[in-house]
$ cat protein.txt   # compact mmCIF, C-alpha atoms
# COMPACT_ATOMS: atom_id res chain seq x y z
CA MET A 1 0.00 0.00 0.00
CA SER A 2 1.44 3.34 -1.00
CA HIS A 3 1.63 6.11 1.56
CA LYS A 4 1.72 9.21 -0.59
CA ARG A 5 1.26 12.60 0.98
CA ILE A 6 -2.38 13.44 1.47
CA PRO A 7 -3.14 17.00 0.34
CA LYS A 8 -3.49 19.13 3.41
CA ARG A 9 -6.76 21.00 3.80
CA LYS A 10 -7.06 24.09 5.88
CA ALA A 11 -8.89 23.25 9.09
CA ALA A 12 -12.51 24.29 9.14
CA ILE A 13 -12.61 26.70 12.05
CA ALA A 14 -16.22 27.83 11.80
CA ALA A 15 -17.73 24.39 12.26
CA GLY A 16 -20.66 25.74 14.14
CA GLY A 17 -20.87 29.51 14.31
CA VAL A 18 -21.17 30.46 17.95
CA VAL A 19 -19.60 27.18 19.10
CA ALA A 20 -16.47 27.76 17.02
CA LEU A 21 -16.17 31.33 18.23
CA GLY A 22 -16.49 30.10 21.80
CA ALA A 23 -13.68 27.61 21.30
CA ALA A 24 -11.49 30.29 19.79
CA ALA A 25 -12.12 32.53 22.77
CA ILE A 26 -10.99 29.74 25.11
CA LEU A 27 -7.95 28.79 23.10
CA LEU A 28 -6.70 32.23 22.15
CA PRO A 29 -6.67 34.40 25.27
CA ASN A 30 -3.54 36.20 24.07
CA ALA A 31 -4.24 36.31 20.34
CA ASN A 32 -3.72 40.04 19.99
CA ALA A 33 -1.68 41.76 17.31
CA SER A 34 0.87 44.43 18.17
CA GLN A 35 0.37 47.93 16.84
CA ASP A 36 2.62 47.33 13.85
CA GLY A 37 0.54 44.29 12.81
CA ALA A 38 3.03 41.65 13.98
CA THR A 39 1.85 38.81 16.19
CA GLU A 40 2.95 39.05 19.81
CA LYS A 41 5.37 36.44 21.07
CA VAL A 42 3.59 34.11 23.49
CA THR A 43 5.34 32.15 26.24
CA PRO A 44 4.19 28.51 26.54
CA ARG A 45 1.86 27.93 29.47
CA THR A 46 2.86 25.95 32.54
CA LEU A 47 0.23 23.21 32.86
CA LYS A 48 -0.74 20.40 35.17
CA ALA A 49 -1.18 17.05 33.42
CA LYS A 50 -4.99 17.21 33.47
CA ASP A 51 -4.98 20.75 32.02
CA ALA A 52 -2.56 19.64 29.31
CA SER A 53 -4.95 16.84 28.40
CA HIS A 54 -7.83 19.31 28.08
CA LEU A 55 -5.77 21.69 25.95
CA SER A 56 -4.63 18.84 23.70
CA ALA A 57 -8.24 17.82 23.07
CA GLN A 58 -9.23 21.41 22.27
CA LEU A 59 -6.34 21.86 19.85
CA ALA A 60 -7.11 18.56 18.13
CA ARG A 61 -10.57 19.93 17.32
CA THR A 62 -9.42 23.44 16.42
CA LEU A 63 -6.37 22.58 14.29
CA GLY A 64 -8.17 19.93 12.25
CA ASP A 65 -5.99 18.23 9.63
CA SER A 66 -2.94 20.20 10.78
CA TYR A 67 -2.94 18.52 14.19
CA ALA A 68 -0.51 15.59 14.33
CA GLY A 69 -0.59 14.52 17.97
CA ALA A 70 0.71 15.90 21.25
CA TYR A 71 2.53 14.88 24.41
CA TYR A 72 3.10 16.26 27.89
CA ASP A 73 6.60 17.38 28.90
CA GLY A 74 6.42 16.67 32.61
CA ASP A 75 9.81 18.18 33.41
CA ARG A 76 8.84 21.58 32.01
CA GLN A 77 5.09 21.10 32.60
CA ARG A 78 4.26 22.04 29.04
CA LEU A 79 2.15 20.57 26.26
CA VAL A 80 4.05 19.88 23.04
CA VAL A 81 1.82 19.84 19.95
CA ASN A 82 2.78 18.54 16.51
CA VAL A 83 1.60 20.68 13.59
CA VAL A 84 2.00 19.57 9.98
CA ARG A 85 4.89 21.43 8.39
CA GLY A 86 3.97 24.44 6.27
CA ASP A 87 0.75 25.40 8.05
CA THR A 88 2.03 28.58 9.68
CA ALA A 89 -1.39 29.90 10.66
CA MET A 90 -2.26 26.77 12.62
CA ALA A 91 1.16 26.68 14.24
CA ASP A 92 0.61 30.26 15.43
CA ARG A 93 -2.82 29.33 16.73
CA ALA A 94 -1.35 26.49 18.82
CA ARG A 95 1.36 28.77 20.23
CA LYS A 96 -1.17 31.41 21.22
CA ALA A 97 -3.15 28.71 23.02
CA GLY A 98 -0.09 28.11 25.19
CA ALA A 99 1.45 25.01 23.59
CA VAL A 100 5.00 24.36 22.44
CA VAL A 101 4.83 23.72 18.68
CA ARG A 102 6.84 21.12 16.74
CA GLN A 103 6.48 21.17 12.97
CA VAL A 104 6.41 17.62 11.58
CA ASP A 105 6.10 15.86 8.23
CA ASN A 106 3.46 13.19 8.88
CA SER A 107 -0.20 14.04 9.42
CA THR A 108 -2.51 12.10 11.70
CA ALA A 109 -4.40 10.80 8.66
CA GLU A 110 -1.22 9.46 7.09
CA LEU A 111 -0.13 7.71 10.28
CA LYS A 112 -3.58 6.16 10.71
CA SER A 113 -3.25 4.87 7.17
CA VAL A 114 -0.02 3.16 8.21
CA ALA A 115 -1.86 1.49 11.09
CA ARG A 116 -4.52 0.20 8.68
CA THR A 117 -1.83 -1.28 6.47
CA LEU A 118 -0.29 -3.07 9.44
CA ARG A 119 -3.71 -4.39 10.48
CA SER A 120 -4.34 -5.84 7.02
CA LYS A 121 -0.85 -7.21 6.35
CA ALA A 122 0.83 -7.89 9.69
CA ALA A 123 -1.72 -8.78 12.40
CA ILE A 124 0.68 -11.32 13.87
CA PRO A 125 0.29 -12.60 17.45
CA GLY A 126 2.89 -10.90 19.64
CA THR A 127 2.86 -7.54 17.84
CA ALA A 128 1.61 -4.07 18.72
CA TRP A 129 1.74 -0.64 17.15
CA THR A 130 0.99 2.94 18.11
CA VAL A 131 1.53 6.45 16.79
CA ASP A 132 4.41 7.98 18.76
CA PRO A 133 3.97 11.78 18.91
CA ARG A 134 7.56 12.23 20.05
CA THR A 135 8.95 10.81 16.80
CA ASN A 136 5.92 11.47 14.54
CA LYS A 137 6.05 7.84 13.41
CA VAL A 138 4.20 4.59 13.96
CA VAL A 139 6.24 2.41 16.34
CA VAL A 140 5.78 -1.32 15.73
CA THR A 141 6.81 -3.63 18.57
CA ALA A 142 7.33 -7.40 18.35
CA ASP A 143 7.65 -9.65 21.38
CA SER A 144 9.99 -12.63 21.79
CA THR A 145 7.61 -15.04 19.98
CA VAL A 146 7.85 -13.18 16.66
CA THR A 147 10.69 -15.02 14.92
CA GLY A 148 11.50 -16.69 11.60
CA ALA A 149 8.92 -16.23 8.85
CA LYS A 150 6.69 -14.10 11.10
CA TRP A 151 9.53 -11.68 11.81
CA ASN A 152 10.46 -11.54 8.13
CA LYS A 153 6.87 -10.72 7.19
CA LEU A 154 6.63 -8.00 9.80
CA GLU A 155 10.00 -6.52 8.89
CA SER A 156 9.24 -6.42 5.17
CA THR A 157 5.86 -4.77 5.82
CA VAL A 158 7.44 -2.03 7.92
CA GLU A 159 10.20 -1.51 5.35
CA SER A 160 7.61 -1.12 2.58
CA ILE A 161 5.96 1.68 4.57
CA GLY A 162 9.26 3.56 4.83
CA SER A 163 11.58 4.60 7.65
CA GLY A 164 10.16 8.11 7.63
CA MET A 165 6.77 6.85 8.79
CA ALA A 166 7.31 3.62 10.73
CA THR A 167 9.96 1.97 12.85
CA LEU A 168 10.29 -1.59 14.20
CA LYS A 169 11.66 -2.76 17.55
CA LYS A 170 11.80 -5.92 19.67
CA THR A 171 10.80 -6.33 23.30
CA ALA A 172 11.55 -9.08 25.78
CA GLY A 173 8.80 -11.29 27.11
CA THR A 174 5.46 -12.11 25.54
CA PHE A 175 2.35 -9.98 25.04
CA LYS A 176 -0.35 -11.70 27.05
CA THR A 177 -3.37 -11.04 29.16
CA PHE A 178 -2.33 -11.39 32.80
CA ALA A 179 -3.89 -14.62 34.05
CA SER A 180 -2.89 -17.18 36.69
CA GLY A 181 -4.00 -18.55 40.04
CA GLY A 182 -4.12 -16.64 43.28
CA ASP A 183 -6.24 -15.49 46.19
CA ALA A 184 -8.48 -12.50 45.58
CA ILE A 185 -11.81 -12.32 43.71
CA PHE A 186 -12.47 -15.49 41.77
CA SER A 187 -14.53 -16.72 38.85
CA ARG A 188 -15.02 -20.17 37.40
CA ALA A 189 -14.71 -18.80 33.88
CA GLN A 190 -12.47 -20.40 31.25
CA GLY A 191 -12.65 -23.87 32.82
CA GLY A 192 -11.24 -23.01 36.23
CA ASN A 193 -10.69 -20.35 38.85
CA VAL A 194 -9.71 -17.01 37.31
CA ARG A 195 -8.40 -14.08 39.33
CA CYS A 196 -8.47 -10.48 38.15
CA SER A 197 -8.45 -7.00 39.68
CA LEU A 198 -11.34 -4.61 40.07
CA GLY A 199 -10.95 -1.38 38.15
CA PHE A 200 -13.45 1.26 39.26
CA ASN A 201 -16.79 1.17 41.00
CA VAL A 202 -19.54 2.68 38.85
CA THR A 203 -23.30 3.06 38.66
CA ALA A 204 -24.90 1.04 35.85
CA ALA A 205 -27.37 2.68 33.47
CA ASP A 206 -30.30 1.26 35.48
CA GLY A 207 -28.95 2.69 38.74
CA SER A 208 -27.47 -0.57 40.03
CA PRO A 209 -24.10 -0.61 41.85
CA ALA A 210 -21.43 -2.15 39.63
CA PHE A 211 -17.76 -2.06 38.68
CA LEU A 212 -15.55 -2.18 35.60
CA THR A 213 -12.83 -4.72 34.93
CA ALA A 214 -11.17 -6.39 31.92
CA GLY A 215 -13.40 -8.11 29.38
CA HIS A 216 -11.10 -11.10 28.99
CA CYS A 217 -11.70 -11.95 32.65
CA GLY A 218 -15.12 -13.41 31.84
CA GLY A 219 -18.14 -13.16 29.54
CA PRO A 220 -21.75 -12.21 30.34
CA GLY A 221 -23.22 -14.32 33.12
CA THR A 222 -19.85 -15.05 34.72
CA GLN A 223 -20.14 -14.90 38.50
CA TRP A 224 -17.47 -13.65 40.86
CA SER A 225 -16.77 -14.34 44.52
CA ASP A 226 -14.29 -12.93 47.00
CA ALA A 227 -12.67 -16.28 47.83
CA PRO A 228 -11.78 -19.46 45.89
CA ASN A 229 -15.04 -21.33 45.27
CA GLY A 230 -16.79 -18.78 47.46
CA ARG A 231 -20.36 -17.52 47.31
CA PRO A 232 -20.92 -15.24 44.28
CA ILE A 233 -21.23 -11.53 45.05
CA ALA A 234 -21.33 -10.06 41.51
CA THR A 235 -22.28 -11.08 37.96
CA VAL A 236 -20.94 -9.91 34.58
CA GLU A 237 -23.62 -7.88 32.81
CA GLN A 238 -21.68 -6.90 29.67
CA SER A 239 -18.27 -7.98 28.38
CA THR A 240 -16.22 -7.22 25.28
CA PHE A 241 -13.04 -9.03 24.19
CA PRO A 242 -11.33 -8.99 21.71
CA GLY A 243 -11.85 -5.69 19.86
CA SER A 244 -11.97 -3.88 23.20
CA ASP A 245 -11.25 -5.24 26.67
CA PHE A 246 -13.77 -4.22 29.32
CA ALA A 247 -16.60 -5.71 31.35
CA LEU A 248 -19.43 -4.25 33.42
CA VAL A 249 -20.07 -6.36 36.53
CA LYS A 250 -23.13 -5.74 38.71
CA TYR A 251 -23.13 -6.44 42.44
CA ASP A 252 -25.76 -9.06 43.26
CA ASP A 253 -26.94 -7.07 46.30
CA PRO A 254 -28.65 -3.89 44.96
CA ASN A 255 -27.99 -2.17 48.30
CA THR A 256 -24.22 -2.49 47.96
CA GLN A 257 -22.39 0.78 48.58
CA ALA A 258 -19.82 1.23 45.80
CA PRO A 259 -17.45 4.10 46.72
CA SER A 260 -15.70 6.05 44.00
CA ASP A 261 -12.17 5.54 45.19
CA VAL A 262 -9.19 3.23 44.80
CA ASN A 263 -7.85 1.31 47.78
CA VAL A 264 -4.07 1.64 47.54
CA GLY A 265 -3.25 -0.32 50.67
CA ASN A 266 -2.40 0.39 54.29
CA GLY A 267 -5.80 1.93 54.92
CA GLN A 268 -5.32 4.65 52.32
CA THR A 269 -7.55 5.47 49.37
CA VAL A 270 -7.40 7.76 46.36
CA ARG A 271 -10.66 9.52 45.61
CA ILE A 272 -11.70 9.18 41.95
CA ASN A 273 -13.25 12.38 40.65
CA GLN A 274 -13.90 11.73 36.98
CA ALA A 275 -13.01 9.71 33.90
CA ALA A 276 -10.46 11.36 31.63
CA GLU A 277 -8.44 10.77 28.47
CA ALA A 278 -4.76 9.88 28.80
CA THR A 279 -1.97 12.05 27.41
CA VAL A 280 1.46 10.80 26.30
CA GLY A 281 4.07 11.80 28.87
CA THR A 282 1.71 11.86 31.87
CA THR A 283 2.81 10.14 35.10
CA VAL A 284 0.23 7.51 36.06
CA PHE A 285 -0.43 4.91 38.76
CA ARG A 286 -1.75 1.37 38.51
CA MET A 287 -3.26 -0.74 41.26
CA GLY A 288 -3.61 -4.51 40.94
CA SER A 289 -4.13 -7.64 43.00
CA THR A 290 -0.68 -9.15 42.40
CA THR A 291 1.81 -6.29 42.37
CA GLY A 292 -0.09 -3.59 44.24
CA LEU A 293 0.65 0.04 43.50
CA ARG A 294 3.02 0.90 40.65
CA SER A 295 3.79 4.02 38.63
CA GLY A 296 5.17 4.99 35.24
CA GLN A 297 4.41 7.09 32.17
CA VAL A 298 1.98 6.98 29.26
CA THR A 299 3.94 6.28 26.06
CA GLY A 300 1.24 5.69 23.44
CA LEU A 301 -2.46 6.11 22.63
CA ASP A 302 -4.86 4.32 20.29
CA VAL A 303 -2.61 1.26 20.42
CA THR A 304 -3.37 -1.96 18.54
CA VAL A 305 -2.22 -5.17 20.26
CA ASN A 306 -2.34 -8.67 18.77
CA PHE A 307 -2.56 -11.24 21.56
CA GLN A 308 -2.15 -14.94 20.91
CA SER A 309 -5.68 -16.40 21.01
CA ASP A 310 -6.59 -18.41 24.12
CA THR A 311 -8.87 -20.64 22.04
CA SER A 312 -6.78 -21.24 18.92
CA PRO A 313 -3.02 -21.92 18.74
CA THR A 314 -2.87 -20.17 15.37
CA GLY A 315 -5.43 -17.45 16.11
CA VAL A 316 -5.02 -13.85 17.16
CA ASP A 317 -7.10 -11.70 19.51
CA THR A 318 -6.72 -8.11 18.33
CA VAL A 319 -7.59 -5.26 20.68
CA THR A 320 -7.54 -1.65 19.51
CA GLY A 321 -7.68 1.80 21.06
CA LEU A 322 -5.52 0.95 24.08
CA ILE A 323 -3.21 3.11 26.23
CA GLN A 324 0.46 2.05 26.34
CA THR A 325 2.57 2.69 29.45
CA THR A 326 5.85 1.87 31.17
CA VAL A 327 4.00 0.73 34.32
CA CYS A 328 4.82 -2.89 35.13
CA ALA A 329 2.17 -5.58 35.72
CA GLU A 330 1.95 -9.31 36.33
CA PRO A 331 -0.61 -12.12 36.23
CA GLY A 332 -3.56 -11.20 38.44
CA ASP A 333 -3.38 -7.46 37.69
CA SER A 334 -5.78 -7.55 34.69
CA GLY A 335 -8.75 -5.24 35.09
CA GLY A 336 -6.97 -3.12 37.71
CA SER A 337 -7.24 0.65 37.77
CA LEU A 338 -5.00 3.15 35.96
CA PHE A 339 -5.37 6.63 37.43
CA THR A 340 -3.60 9.94 37.99
CA GLN A 341 -2.35 11.65 41.12
CA ASP A 342 -5.31 14.05 41.15
CA GLY A 343 -7.96 11.35 40.87
CA ASN A 344 -8.68 10.95 37.17
CA ALA A 345 -9.72 7.44 36.12
CA LEU A 346 -7.87 6.57 32.90
CA GLY A 347 -7.84 2.84 32.19
CA LEU A 348 -8.30 -0.84 33.01
CA THR A 349 -5.28 -3.16 32.84
CA SER A 350 -5.51 -5.34 29.72
CA GLY A 351 -2.15 -7.07 29.18
CA GLY A 352 1.46 -6.62 28.23
CA SER A 353 4.92 -8.11 28.53
CA GLY A 354 7.47 -8.34 31.28
CA ASP A 355 7.01 -8.21 35.04
CA CYS A 356 7.72 -5.94 38.00
CA THR A 357 11.28 -7.23 38.40
CA GLN A 358 12.60 -6.53 34.91
CA GLY A 359 9.92 -4.10 33.72
CA GLY A 360 8.07 -4.22 30.43
CA VAL A 361 5.16 -2.75 28.49
CA THR A 362 1.57 -2.70 29.77
CA PHE A 363 -1.62 -1.84 27.86
CA PHE A 364 -4.86 -0.42 29.26
CA GLN A 365 -8.44 -0.16 28.06
CA PRO A 366 -9.54 3.50 28.27
CA VAL A 367 -12.23 3.98 30.92
CA THR A 368 -14.01 6.59 28.80
CA THR A 369 -14.70 3.98 26.12
CA ALA A 370 -15.97 1.45 28.66
CA LEU A 371 -18.33 4.00 30.19
CA GLU A 372 -19.64 5.09 26.82
CA GLU A 373 -20.26 1.52 25.66
CA THR A 374 -21.93 0.35 28.88
CA GLY A 375 -23.83 3.52 29.77
CA ALA A 376 -22.34 3.42 33.28
CA THR A 377 -21.18 6.45 35.25
CA LEU A 378 -18.48 6.87 37.87
CA GLY A 379 -19.73 7.29 41.44
CA ALA A 380 -19.83 10.74 42.95
CA ALA A 381 -18.44 10.20 46.43
CA ALA A 382 -15.86 8.16 48.29
CA GLY A 383 -17.11 5.53 50.69
CA ASP A 384 -16.75 5.26 54.44
CA GLY A 385 -13.19 5.43 55.63
CA ALA A 386 -11.84 7.28 52.60
CA ASP A 387 -9.36 9.80 53.79
CA GLY A 388 -9.20 11.65 50.52
CA ARG A 389 -5.46 11.36 50.18
CA GLN A 390 -4.30 11.67 46.60
CA ALA A 391 -1.58 9.70 44.92
CA GLY A 392 1.74 11.40 45.45
CA ASP A 393 1.08 12.91 48.88
CA ASP A 394 4.09 11.09 50.28
CA GLY A 395 6.60 11.13 47.49
CA ALA A 396 4.67 9.68 44.55
CA GLY A 397 5.22 11.09 41.14
CA GLY A 398 8.00 9.13 39.54
CA GLY A 399 9.52 5.72 39.19
CA GLN A 400 8.19 2.49 40.60
CA ALA A 401 6.60 2.16 43.99
CA GLY A 402 9.31 2.24 46.59
CA ASP A 403 11.68 4.49 44.64
CA GLY A 404 11.08 7.50 46.88
CA ALA A 405 13.25 8.53 49.78
CA ASP A 406 11.01 6.80 52.31
CA GLY A 407 9.50 4.20 49.98
CA ARG A 408 6.04 5.75 50.16
CA GLN A 409 3.85 6.09 47.10
CA ALA A 410 0.24 6.78 46.37
CA GLY A 411 -0.80 3.97 48.66
CA GLY A 412 1.58 4.74 51.50
CA ASP A 413 4.27 2.24 52.35
CA GLN A 414 3.93 0.07 49.25
CA ALA A 415 7.27 -1.47 48.43
CA GLY A 416 8.67 -1.77 44.95
CA ASP A 417 10.53 -5.01 45.59
CA GLY A 418 7.53 -7.30 45.80
CA GLU A 419 6.15 -6.40 49.22
CA ALA A 420 3.27 -4.65 47.49
CA GLY A 421 2.22 -7.93 45.94
CA ALA A 422 -0.36 -10.54 46.80
CA GLY A 423 0.51 -10.50 50.47
CA GLY A 424 -0.77 -6.95 50.93
CA GLN A 425 -4.02 -5.79 52.45
CA GLN A 426 -7.36 -6.81 51.01
CA SER A 427 -9.84 -4.02 50.43
CA GLY A 428 -13.13 -3.82 52.27
CA ASP A 429 -14.02 -4.15 55.93
CA ASP A 430 -12.96 -7.81 56.24
CA GLN A 431 -9.81 -7.41 54.12
CA GLN A 432 -11.61 -9.10 51.24
CA ALA A 433 -12.08 -7.34 47.95
CA GLY A 434 -15.80 -7.80 48.24
CA GLY A 435 -16.13 -5.71 51.38
CA GLY A 436 -17.62 -6.59 54.76
CA HIS A 437 -19.16 -10.03 55.16
CA HIS A 438 -19.15 -10.70 51.42
CA SER A 439 -21.73 -8.02 50.71
CA GLY A 440 -19.82 -4.76 50.43
CA ALA A 441 -18.26 -3.25 47.33
CA ALA A 442 -14.56 -3.36 46.63
CA ARG A 443 -12.77 -0.04 46.53
CA GLY A 444 -10.85 0.45 43.33
CA SER A 445 -8.63 -2.46 42.48
CA GLY A 446 -7.38 -3.16 45.97
CA ARG A 447 -6.72 -6.87 45.63
CA GLY A 448 -8.90 -8.13 42.87
CA TRP A 449 -8.72 -10.94 40.33
CA ASN A 450 -5.92 -12.91 38.80
CA HIS A 451 -6.10 -12.09 35.07
$ encode --input "protein.txt" --output "structure tokens"
Amino acid sequence: MSHKRIPKRKAAIAAGGVVALGAAAILLPNANASQDGATEKVTPRTLKAKDASHLSAQLARTLGDSYAGAYYDGDRQRLVVNVVRGDTAMADRARKAGAVVRQVDNSTAELKSVARTLRSKAAIPGTAWTVDPRTNKVVVTADSTVTGAKWNKLESTVESIGSGMATLKKTAGTFKTFASGGDAIFSRAQGGNVRCSLGFNVTAADGSPAFLTAGHCGGPGTQWSDAPNGRPIATVEQSTFPGSDFALVKYDDPNTQAPSDVNVGNGQTVRINQAAEATVGTTVFRMGSTTGLRSGQVTGLDVTVNFQSDTSPTGVDTVTGLIQTTVCAEPGDSGGSLFTQDGNALGLTSGGSGDCTQGGVTFFQPVTTALEETGATLGAAAGDGADGRQAGDDGAGGGQAGDGADGRQAGGDQAGDGEAGAGGQQSGDDQQAGGGHHSGAARGSGRGWNH
């Protein structure tokens, strides 16, 4: 498939009269000309991660075809926006909005075309690809299982696209959904006990208390308990995998209180305020039943991952639209919550490669997609016992859990050397992820299921 330059159209600013003017007023607070007609020089804005995400979304709409991705520079606290080379007017617009502008060669449409080519020609188990805004290319990653003829096919496909638009790299380990045995919340799906991690408590469209987790943990009708072979406390209402990877699970007791927070261990919780879109470069936290609290950075959006099929040795389970991060994860962490220091719910753990000893790549299902598809909403208030402490109060904000001077992260004294693993506290009043006496709701992903 040829990837010739697509003619660049000027972005349609006046998409809706008053609406467009309103957006311009928000984005261009300093868009004033000097008396001699020259445009004033604007200093890039200092932004928190959540504000950078909002600005990126606004610029994506305003810049139209000239927008080619963005990422957050956490060191300088600035949003870097890619603008297709030659469109000076749109570059100026982005600068006046407060972003740092990089002029690049490849448009978003061209890079999405590359992804479609890969999907049609190289959907090989053990591969993944994402648009990298830092390099303005599609980065294709192959795990350790992609060898011989499969590697040759992948390599030739990437070479045919061209080095200016795509690059290929290898990663250790195997891309897989994180499944194995353990002691948290259990299901009898897939022929045996399955353990995963709870993502976020929500309210279902009909007002019922529920939670989100990974879709590959179990299909509709799958029941979950808070102990091996225990009494069921929740049932899967809706599940999607492959394609996407999320499930809506309703608590069997309609009176269950489902607090909108994440239990990060040692009696501490992080209040979840809203669902939000991820931004490349943002520092994020993950909570899971096996490895506890971990942190890292977002490295890719709209990622396509080709998992080896669980049902066919030659099949592939392709999941699209995922978030890619440097946060480690291990079997049992699937479905666990990905969130920010200030309480934004971002994703549900899907799968990846590596572990929390050697590191690796981990992929997450965006929460916003799961909410939209299920009609669920995030709860409005934290439950009893929530102390409202946010991730990072005691040294969180970089590295893995335990990297700080006193080892404390978003969940307090979670250790990065394995002490934050399966031996940690269970959530809920009886230290079970189902809450007190098997009837309460789990908070966040504090010790969930083993997928």
$ residues_around --input "protein.txt" --residues "segment 327-336 of chain A" --least-positions-apart "2" --cutoff "7 Å" --atoms "all atoms listed in the file" --output "PyMOL selection string"
chain A and resi 177-180+195-199+213-214+286-291+294-297+325+338+348-351+355-356+359-362+445+449-451
$ closest_residue --input "protein.txt" --among "A:Thr320, A:Thr147, A:Asn136, A:Gln77" --to "Val305 of chain A" --atoms "all atoms listed in the file"
A:Thr320
$ atom_distance --input "protein.txt" --atom1 "atom CA of Phe364 of chain A" --atom2 "atom CA of Thr240 of chain A"
13.8 Å
$ closest_residue --input "protein.txt" --among "A:Val114, A:Ser144, A:Lys176, A:Ala60" --to "Gly162 of chain A" --atoms "only C-alpha atoms"
A:Val114
$ atom_distance --input "protein.txt" --atom1 "atom CA of Val280 of chain A" --atom2 "atom CA of Glu373 of chain A"
23.6 Å
$ closest_residue --input "protein.txt" --among "A:Val140, A:Ala70, A:Ala99, A:Leu168" --to "Thr304 of chain A" --atoms "all atoms listed in the file"
A:Val140
$ atom_distance --input "protein.txt" --atom1 "atom CA of Arg116 of chain A" --atom2 "atom CA of Thr145 of chain A"
22.5 Å
$ residues_around --input "protein.txt" --residues "Ser56 of chain A" --least-positions-apart "5" --cutoff "9 Å" --atoms "only C-alpha atoms" --output "PyMOL selection string"
chain A and resi 51+61+69-71+79-81+99+279
$ closest_residue --input "protein.txt" --among "A:Leu47, A:Leu212, A:Val367, A:Ala149" --to "Gln238 of chain A" --atoms "all atoms listed in the file"
A:Leu212
$ axis_aligned_box --input "protein.txt" --around "segment 164-179 of chain A" --padding-each-side "5 Å" --output "AutoDock Vina command-line options"
--center_x 4.0 --center_y -3.3 --center_z 20.8 --size_x 25.7 --size_y 32.7 --size_z 36.4
